[in-house]
Each structure stands twice: as C-alpha cells, then as structure tokens.
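Everything below concerns the one structure shown next.
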Amino acid sequence: MHEPPPAAPGKDATTSSRGAVPWHALPPERVFEQLGSEAGGLTDEQARERLSRHGPNVLQRQKGEGALKLLWRQVNSPFIWVLIVSAVLAVALGKLTDGLVVAAVVVLNTLIGFVQEFRAGRAIEALSRMVPENATVVRGGSKRAVPAAELVPGDVVEVASGDKVPADMRLVTSRNLQVEEAALTGESVPAAKQPAAVEVDAELGDRRSVVFGGTLVTSGVATAVVVATGGATELGRISEMLRQATDLETPLTKALASIAKVITLAILIVSVVLLGVGLWRGYDFSEAVVLAITLAVAAIPEGLPAIVTIALAIGVQRMAARRAVIRKLPAVETLGSTTVICSDKTGTLTRNEMTVQALWTPVGRYTMTGVGYAPRGELRREGPPLSELMMPDDVRDLLLGGVLCNDASLDGRDGEWRMTGDPTEGALVVAAEKVGLGVEELRGRYRRVDAIPFESEHQFMATLHDDGRGGRLVFLKGAPEVVLARCSRNGRVSEAQVLAEVERLARRGMRVLAVASREMPGARNSLRPEDVEEGLGLLGLEGMMDPPREEAIEAVKACHQAGIVVKMITGDHLATAEAIGARLGLQEPGTPGVVGAKLEALSDAELEEVAERTHVFARVAPEHKLRLVRALQSRRHVVAMTGDGVNDAPALKQANIGVAMGITGTAVSKEAADIVLTDDNFASIAAAVEEGRRVYDNLIKSLAFVLPTNLGLALILLCAVAFFPFQDFGGGPVPLMAMRPTQLLWINLVATVTLALPLAFEAREPDVMRRKPRSPDAPVLSRFVVMRTGLVALLMAAGAMGLFFWEYTYELPHVGHARALAEAQTMAVNTVISFQIFYMVMCRTLTGSVRKVGLFSNPSVFMGVGVLVLLQLAFMYVPFMRDIFGTAPLSLASIVLSVLVGAVVLPAVGFEKWLRGRKDGGPVEQPREERTPPPGRPRERLPA
C-alpha cells in the first residue's frame with residue numbers, strides 16, 4: 001500500500017479526515033508520531049496549549065435572521081408599497097374610511113408572511129446538538145471525564161457501546177466495534193471498525209480505521225486518538241457546506257415577484273395618466289389625486305397574496321393527509337414543477353429491512369418469497385412452494401446454522417413485527433420462521449454453551465451448542481471467503497464453484513453470508529479460535545438484500561409518466577445500487593452506475609453531462625451530493641432531493657425542494673428540508689408531486705379569475721374619468737363616477753376572495769400526472785392568462801358601465817341625482833359580481849367543460865356563491881352597510897337584469913375554450929427544450 005509522506009512531528013497535521021493527512025491510511029504509531037502524542041495521552045499543559053491553538057470542539061452556529069429583518073422583507077414588495085402610499089394619501093385627503101381599509105389589507109398580508117417565515121427552523125443549531133457533552137479521555141496516563149468541547153487533536157479517548165463519538169478519531173485498539181454511520185455515509189447497517197490501516201483512496205464509508213464525530217457506537221469498545229475537532233471534522237465540513245448552500249427562490253415566488261413588478265409599474269403609469277386626464281377635464285387637484293388612488297386600489301389585486309397563501313395552506317393539509325408534512329409554504333407549488341427527484345435508497349426506495357431472498361447449498365439453489373420482517377413467504381426450488389414436511393435436509397441445516405449462530409430476535413406483538421439486533425442476523429431469523437422453523441424452540445433444543453463474537457478483524461462469528469446427545473455442535477457464519485478457508489468439506493462442489501455462486505449473488509446486489517458447521521466430541525464448555533481454524537463442512541450461502549418497496553416501484557412509474565426523472569444517490573456499494581436501480585426501473589439492467597470517487601475527478605462541465613445521463617450513484621460523499629444537485633440545476637432542472645442523514649443536509653438545502661425522512665431522519669436533515677415524509681416512503685413523494693401540480697393548477701385558476709376583475713374595475717374608472725359627462729345640480733359640475741373607492745374594495749377583497757377561495761379546493765384535473773413538468777421559466781402570466789384577462793375585463797367593464805348609465809338615466813327623473821347615482825353604482829357593483837360568479841364556474845377547469853372535473857366535485861363552490869349572495873344582499877339592504885359603502889336597494893327587475901348581463905361571460909369564455917382546444921393550447925406555456933427522458937423511453941421534446 002502506498003503510504004503518504006509524514007508531516008513533521010508535533011506540527012499541526014490535524015486537518016479533517018478528508019484533508020491533507022489521510023489518517024485512515026497510517027498505522028497507529030505513525031498517527032501518534034504526527035500528532036506529537038502517545039498511548040498514555042497528552043499532558044494537561046499540552047491539552048491547554050492545543051485548545052488555545054485549535055479552539056473548542058464545537059460547531060460554529062450561524063446567527064439567524066432577526067424578527068425586524070423578517071418583517072421588513074414582508075413589507076418590501078411593490079404591491080405593499082403602492083398600497084401604503086395609497087392609504088397615506090387617502091387619509092391626508094380626508095378619505096379616512098378608504099385609507100383605513102387599505103391599511104388593514106397591508107397589515108393582514110404582512111402578518112401572514114411574517115408568521116410563515118418566523119417558524120422556519122435553524123439547521124446548523126441542530127447539527128451542534130449531535131456532539132456529545134462529555135467524553136472519557138486519557139491524559140497523563142489516567143482516565144477522566146472531560147467536556148467534549150475541550151477535546152484536542154492528540155487526545156486519547158475511550159468509547160463503548162451506546163456512546164456518541166465526540167470527534168473524528170483514528171482507532172488504536174478495538175474489540176467487536178460497530179458504529180452506526182448512516183447519518184454520514186447512508187449505509188443501512190452499522191459499520192464494522194478495526195485499527196488496521198486502509199487504502200489511501202478509500203471512500204468515507206470504507207474508512208474502517210476511523211470513527212467520525214456525531215456517529216453512534218452500537219457495540220464493542222475501542223481506544224482512539226483524536227485527529228480532528230470542531231470545524232475540521234466531517235460534521236464540521238458538512239456544517240460549512242450547509243452555510244454555503246443557497247436557499248433558492250421557488251418558481252412561484254419568482255413568478256409572483258415578476259407579476260408584482262409588472263402590475264405595479266403599469267398601475268403607476270396609468271395612475272399618472274389618469275391624474276393628468278382628470279386635471280385636463282376640469283377636476284380639482286384633490287379630486288384628481290383621489291381618482292388616481294382609487295385606480296390603484298381598483299387595479300391592485302389586494303386579495304391575491306391571501307388567496308395564494310390560503311391555496312398553499314390547503315395544499316399543506318392535503319399533503320399532510322398523504323404523509324408529506326410541509327415546512328415552507330412555497331414548497332407545495334414547487335413540487336408541481338419538479339423535473340428531477342434525487343432519492344436516497346435505504347428506507348425510501350427500499351424497506352430498510354434486510355431480507356433473505358436466495359439460498360444455495362451444495363445440493364441446489366432456492367429462492368424465498370416475502371419481504372421485510374413479517375415471517376410470511378415461501379421456499380421455492382424451480383417449482384411449487386416447498387412445505388415444511390417436504391423441506392430438504394440441506395436447506396434445514398443451512399437455516400438452522402443461520403439462527404443458532406445468531407444474536408438477533410423477532411418480536412411479533414400487536415401485529416407489528418420488530419427486530420432486535422443486527423439487521424443482517426435478523427434476516428436469517430425471519431428466513432427460518434418463514435418455513436416453519438420455530439427459532440426460540442430450536443435455540444432451546446440446541447442450547448448455546450459458548451461463542452466467539454463477531455469481530456471485524458476476523459470477519460466471522462462462531463457458536464458452540466449442546467447437540468442433545470451429550471456432544472457438541474459448532475456453527476460458523478461470516479464472509480464467504482473467510483468461511484471457505486476453514487472448510488475441508490464442501491459437498492460435491494469445488495471452492496471455485498462456491499465463489500462463482502457468491503459472485504453471482506453479489507451481482508444481483510445481495511449481501512452474502514456463508515454458514516458452516518462441525519461436530520465436536522465430548523462435552524466441552526469452551527470454544528477456542530483454533531477450534532474453527534479448519535475441519536468445518538460448508539452448509540451453504542444465504543443471499544439477502546434490502547428489497548425495493550412495491551409502492552416505490554409504482555411511484556417511480558408514475559413519475560416517469562409525469563416526465564419526472566428519478567435518480568438514486570446512495571452511500572451503499574455500487575453493485576447493490578445498480579441491482580436495486582434496475583428492479584425499481586430507474587435504469588435498464590446492466591446499465592452502469594457511477595461511484596463518488598469518479599465524480600470527484602470530473603470538472604463542472606463533465607459532471608453536468610454525467611448527472612444528466614446517469615440514474616444511479618453509489619458511495620457518494622456529502623460534497624458529491626451537493627455538486628450533483630448544483631449540476632442538475634445548472635441544466636435548468638427543478639430538483640427535489642431526499643435524504644435522512646447529516647450528510648444529506650447541504651444537498652437538501654441547496655435543492656429546489658428538500659425532502660427529509662420523518663422516521664429515520666436526523667434533526668439536521670429535517671431542519672434543512674422543505675418537506676418531511678412521515679412514512680419515509682418514496683410513494684409519498686409522488687403523491688406530493690401530484691398535489692403540487694393540483695395546487696399550481698388551482699393557483700392559475702385563481703389568477704385567471706382575479707386579474708380580469710382588477711383590469712375591469714380599472715377600465716370602468718378610466719372610462720368614467722375620460723368620457724363620463726359632468727352633471728350640474730346647482731352646486732357646480734360634479735363628476736359622474738360608476739363606483740366609489742369603498743365599493744371597489746368590496747369587490748376586490750370580499751367578493752373576489754369569497755369566490756376565488758373555492759378554486760383552491762378544486763379537484764385535480766384528470767391528466768395532472770400525464771403532463772410533462774412545466775418549465776421553471778414558463779411565465780405565470782402566459783398568453784392564455786393575458787388574453788383571457790383582456791376578454792373578460794372588456795365584457796365586465798362594458799356590462800357594468802352600460803347598466804350604470806341605464807339605471808342612472810332611468811331613475812334620475814324620479815328620485816334625484818344622489819339617489820339615482822347610488823342606485824346606479826349599486827347596479828354596477830351587482831353586475832360585476834354577477835360576472836364574477838358565472839366566470840368562477842368557468843374557471844373550475846381551464847381547458848374544457850366543467851363536466852370534465854364534475855359539476856358537484858367541489859362543494860365549496862356552492863358555499864362560496866351562497867355566502868357571497870348573502871353578503872351582497874346585506875350590501876344592498878342592511879342600513880349600516882349602505883351607510884359605509886354608499887349603496888341603495890335595487891328592485892328585483894334590476895337584480896335580474898344585472899344577473900342576465902353577467903351570464904354573458906358563459907358563452908363568451910366557452911367559445912374561447914373551444915378555440916384554444918382546437919389549437920391544442922393549454923393553460924401553461926413551456927418553451928421547447930431537451931430533457932433527459934425516463935429510462936427505456938425515446939428522447940423527445942417537451943410540448944409547447
């Protein structure tokens with residue numbers, strides 16, 4: 001093995017475990033030499049000096065945003081500033097009611113946004129909680145407990161089962177040491193550790209001679225020397241990457257910000273023009289300013305932020321019911337535009353329950369059905385299932401050896417099957433139970449007398465049992481090559497044939513254990529290592545794997561149908577990842593995956609190409625995941641990233657959508673994510689994507705519903721100022737206005753929101769998961785939305801102005817100017833609301849008839865219409881409402897007329913839908929672009 005040149009003794013050689021000094025590749029004596037330490041530990045004076053030089057063994061916390069900064073971000077938007085200026089001007093000009101109503105809208109929207117952001121977590125604070133408080137350290141030749149924060153490079157530390165590892169440490173001695181490293185490496189089972197040096201280029205998960213801060217010792221004891229503390233540890237590197245990862249704006253956030261700027265600029269220009277037109281037509285300056293403010297109030301969709309927030313909140317509730325908990329509201333919609341899902345393997349795409357699926361004995365091959373820890377399955381040998389009575393002796397002996405040389409146990413209380421012990425040993429127990437071998441009964445019959453526990457140095461476990469006849473039985477299980485070296489009897493097969501079978505099972509992604517046995521005469525009660533050095537007979541091989549979830553296979557298919565590419569990024573071995581990837585349908589069988597070591601050598605441009613075309617990545621480190629996400633984003637993908645470990649946190653934060661696991665996920669991964677899955681199941685991600693697309697559709701429906709009202713009200717006001725005649729009733733000429741500012745606010749806030757909210761509950765379109773993902777660059781204000789807005793706004797303005805003049809002209813001779821104007825304005829408001837009610841029905845689906853989604857599929861539509869009708873009756877007939885809004889009661893004939901005029905929107909929009917359908921248009925426009933198709937599908941362009 002190539003050994004790197006040593007650093008000067010006593011110098012600062014304490015870089016991270018991925019830094020310049022490869023501690024995992026140095027023998028313990030060289031490690032002590034480079035660190036200027038020894039087996040008896042540092043002296044107190046050395047420890048103090050190093051603590052001042054390296055700093056405490058803590059992770060730096062990042063200060064979060066203060067409440068004032070969060071509050072300012074809510075206020076600092078174009079819509080809000082225009083509304084604030086309008087409120088101030090209205091109050092200054094004596095329009096107190098108008099000003100207070102507008103100010104109330106500002107306060108409501110600001111509070112909603114502030115509360116939403118204030119509740120966001122702090123991921124780096126969660127990272128710091130992973131470092132234990134105290135550690136057992138050897139200093140000056142004696143053991144003592146010291147705060148973990150005071151550990152320094154060169155300290156000698158002792159760890160035992162149940163301890164959290166306090167820093168990155170090079171092992172000096174160990175016995176039966178296993179460490180749970182899933183949070184860092186993604187490995188589904190504890191890693192066996194030993195002091196022997198490993199290759200210089202070993203990946204993080206293969207560095208058996210090093211234990212990492214924040215991981216958990218599950219069994220054994222060890223003595224180790226600290227090589228990195230604080231920010232220099234693997235945990236510290238991840239913390240730094242987490243700080244550097246960028247929180248990206250969601251497509252909806254960017255689209256709404258763009259819409260706000262466009263609408264605000266247009267409103268300001270038109271308001272200035274209106275001010276000039278008013279002055280030119282003879283309005284007083286104060287009247288002209290009030291008109292400009294009124295137009296701003298009419299044209300700004302004040303209810304839109306509330307509608308968006310509520311629609312997203314409804315999506316949150318629906319997703320929670322489908323086991324996806326949303327931590328950040330905009331994530332709901334972003335899911336709908338996801339083009340790539342990068343998923344962890346263990347527990348997400350697979351069950352995280354090791355399962356024996358193949359048995360081999362010198363007599364033949366067998367398969368075993370059933371997955372998980374529930375002991376339900378069948379034994380097969382190229383034919384029908386084998387019953388317990390028909391079970392071949394070779395299979396029984398193999399399974400017997402697997403459960404006796406074993407410390408795991410299975411518990412089936414309350415219908416829930418739980419495994420205690422090592423997952424690999426647990427799989428052997430379940431296999432025996434599936435074919436009717438009672439494990440506890442067998443262990444009682446063949447009482448264990450002694451054992452040699454598994455240690456990573458020798459890669460096997462051996463047990464000694466009473467055979468019930470006065471003799472002893474020895475069973476041995478472990479790595480196939482280790483077990484074979486101790487066997488003198490392999491049945492009718494050669495060692496080469498056995499190894500070929502091991503290779504065949506390994507290519508299928510299985511972890512393979514060999515089981516052997518021998519008889520020992522007499523009644524000895526001890527088992528020595530030399531007893532299992534030779535003379536054993538091979539019973540066979542058991543191949544196991546963490547099987548894919550059946551629902552995950554279906555979910556991957558659904559994602560492919562929806563045009564979403566699924567990529568698996570795992571810390572597991574390449575052969576296992578490739579086999580699971582093929583079974584899930586991520587790639588064709590035989591298609592190679594890519595390991596993290598290869599990614600490290602690629603330039604950014606080369607990585608983009610590899611990330612685009614490859615669907616399985618194995619043995620990846622945290623920085624590899626982060627680079628993969630960034631590479632895909634640079635190709636204009638909207639990336640959803642799943643993960644459960646600390647190593648996933650930077651990529652979760654960088655991704656457009658971070659998805660953490662609720663059951664196995666660390667606190668760090670959950671805090672860095674946008675979504676937490678309560679069942680750790682990939683199928684829940686597919687369900688959340690479906691809900692995200694439904695939410696986006698419903699937001700587009702709400703936008704297409706709201707904007708025509710604002711444009712229509714602005715047109716009514718513009719036409720009134722530019723063309724309506726002045727009326728002189730003895731007190732001088734008076735401008736004839738079709739609506740008052742408070743009436744405009746009534747329509748904008750009460751009527752519009754009451755009708756738009758039911759659209760947020762609308763059922764999903766039938767083809768929602770058969771569409772390609774929408775491009776993140778596709779404008780929300782698409783050609784469809786703009787044309788629909790113009791058409792409906794013109795119809796609404798013409799109908800309202802026509803009935804305003806008709807009502808005013810008809811009533812003026814009978815009731816006088818003031819009453820006629822009030823009735824005419826009420827008529828105009830009633831007409832606009834009639835338009836809104838009928839148009840909302842047409843917005844329930846954007847591409848076809850309401851029958852497409854079902855007339856009664858959304859009961860909230862009828863509730864919204866019913867509430868608005870009651871409110872509108874109060875608007876016209878309740879005295880205090882009439883005083884506030886300046887309205888007047890209308891006759892039944894006038895109400896019927898306004899309803900009939902409002903119904904004109906039904907045939908008009910129906911004809912527009914028909915024309916658009918003939919042109920194969922749609923509600924969301926996407927630029928034509930190339931994207932990687934799902935496996936097995938031809939490359940194709942996305943539809944425009």
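Ligands are numbered from 1 in the order shown, chains are lettered A, B, ... in the order of the structure tokens, and residues start at 1 in each chain.
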- Long-range neighbours of A:Arg381 as number ranges by chain, 10 Å cut-off, only C-alpha atoms, 6 positions minimum in chain: A: 359, 364-368
Keeping only C-alpha atoms, write the selected residues as a compact mmCIF listing (two decimals), in the first residue's frame.
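Result saved to result_16.txt:
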# COMPACT_ATOMS: atom_id res chain seq x y z
CA LEU A 359 -30.36 -19.80 -0.58
CA GLY A 364 -29.04 -26.76 -5.32
CA ARG A 365 -30.43 -23.22 -5.48
CA TYR A 366 -33.54 -21.96 -3.74
CA THR A 367 -35.48 -18.72 -3.61
CA MET A 368 -37.53 -17.31 -0.77
Sorted by chain and rising residue number, which residues of stretch 559-669 of chain A lie within 10 Å of stretch 774-798 of chain A, and what are their closest atom pairs and distances in Å to one decimal, counting only C-alpha atoms, as a tab-separated table?
residue	atom	partner	partner_atom	distance
A:Gly563	CA	A:Arg774	CA	9.7
A:Arg636	CA	A:Pro776	CA	7.7
A:His637	CA	A:Pro776	CA	7.9
A:Val638	CA	A:Pro776	CA	7.1
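The coordinates place atom CA of A:Arg469 at 28.1 Å from atom CA of A:Leu410.
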- Message: Calculated over only C-alpha atoms, which of the candidates A:Gln46, A:Thr570, A:Asn681, A:Asn490 has the smallest distance to A:Leu536?
- Response: A:Asn490
- Would you mind writing down, as an MDAnalysis selection string, each residue of stretch 253-438 of chain A that DSSP on the backbone assigns to alpha helix (DSSP H)? chainID A and resid 253:280 285:299 304:321 331:335 393:404 423:434
- For each of A:Thr173, A:Ser52, A:Ser86, A:Thr338, take the minimum atom-to-atom distance to A:Lys772, counting only C-alpha atoms, then give the residue where this is smallest.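 Residue with the minimum atom-to-atom distance to A:Lys772: A:Thr338.
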- Task: Go through A:Ala149, A:Glu333, A:Gly478, A:Gly535 and flag the residue nearest A:Val308, using only C-alpha atoms for the distances.
- Result: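 The closest residue to A:Val308 is A:Glu333.
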- For atom CA of A:Cys843 and atom CA of A:Leu717, the interatomic separation in Å (one decimal): 25.3 Å
- Message: Applying 9 Å and only C-alpha atoms, which residues near A:Val75 remain after dropping the ones on its own chain fewer than 4 positions away? List them as a list in words.
- Response: Leu71, Ile80, Trp81, Val106, Asn109 and Thr110 of chain A
- Query: When DSSP works through the backbone of this structure, what residues of stretch 665-730 of chain A end up as strand (DSSP E), shown as a ChimeraX atom specification?
  - Reply: /A:675-677,726-728
Output file for the residues above (N, CA, C and O atoms, as a PDB file, in the first residue's frame):
ATOM      1  N   ILE A 675     -39.768  19.698   3.169  1.00  0.00           N
ATOM      2  CA  ILE A 675     -40.837  18.729   3.363  1.00  0.00           C
ATOM      3  C   ILE A 675     -40.292  17.572   4.200  1.00  0.00           C
ATOM      4  O   ILE A 675     -39.138  17.162   4.033  1.00  0.00           O
ATOM      5  N   VAL A 676     -41.112  17.046   5.097  1.00  0.00           N
ATOM      6  CA  VAL A 676     -40.738  15.871   5.889  1.00  0.00           C
ATOM      7  C   VAL A 676     -41.772  14.780   5.637  1.00  0.00           C
ATOM      8  O   VAL A 676     -42.980  15.016   5.779  1.00  0.00           O
ATOM      9  N   LEU A 677     -41.307  13.592   5.236  1.00  0.00           N
ATOM     10  CA  LEU A 677     -42.209  12.459   4.994  1.00  0.00           C
ATOM     11  C   LEU A 677     -42.408  11.693   6.288  1.00  0.00           C
ATOM     12  O   LEU A 677     -41.433  11.244   6.904  1.00  0.00           O
ATOM     13  N   PHE A 726     -69.924  65.510 -16.893  1.00  0.00           N
ATOM     14  CA  PHE A 726     -70.172  66.137 -15.592  1.00  0.00           C
ATOM     15  C   PHE A 726     -71.651  66.456 -15.480  1.00  0.00           C
ATOM     16  O   PHE A 726     -72.324  66.751 -16.475  1.00  0.00           O
ATOM     17  N   GLN A 727     -72.170  66.430 -14.271  1.00  0.00           N
ATOM     18  CA  GLN A 727     -73.577  66.790 -14.021  1.00  0.00           C
ATOM     19  C   GLN A 727     -73.617  68.001 -13.095  1.00  0.00           C
ATOM     20  O   GLN A 727     -72.899  68.049 -12.092  1.00  0.00           O
ATOM     21  N   ASP A 728     -74.477  68.996 -13.436  1.00  0.00           N
ATOM     22  CA  ASP A 728     -74.600  70.207 -12.621  1.00  0.00           C
ATOM     23  C   ASP A 728     -75.993  70.253 -12.029  1.00  0.00           C
ATOM     24  O   ASP A 728     -76.985  70.298 -12.747  1.00  0.00           O
TER      25      ASP A 728
END
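A straight line drawn from atom CA of A:Ser409 to atom CA of A:Val429 is 7.0 Å long.
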- Query: Using only C-alpha atoms, which residues sit within 12 Å of A:Leu541 once same-chain residues fewer than 6 positions away are excluded, as number ranges by chain?
  - Reply: A: 356-367, 394-395, 397-399, 401-402, 428, 476-481, 483-484, 490, 498-506, 510-516
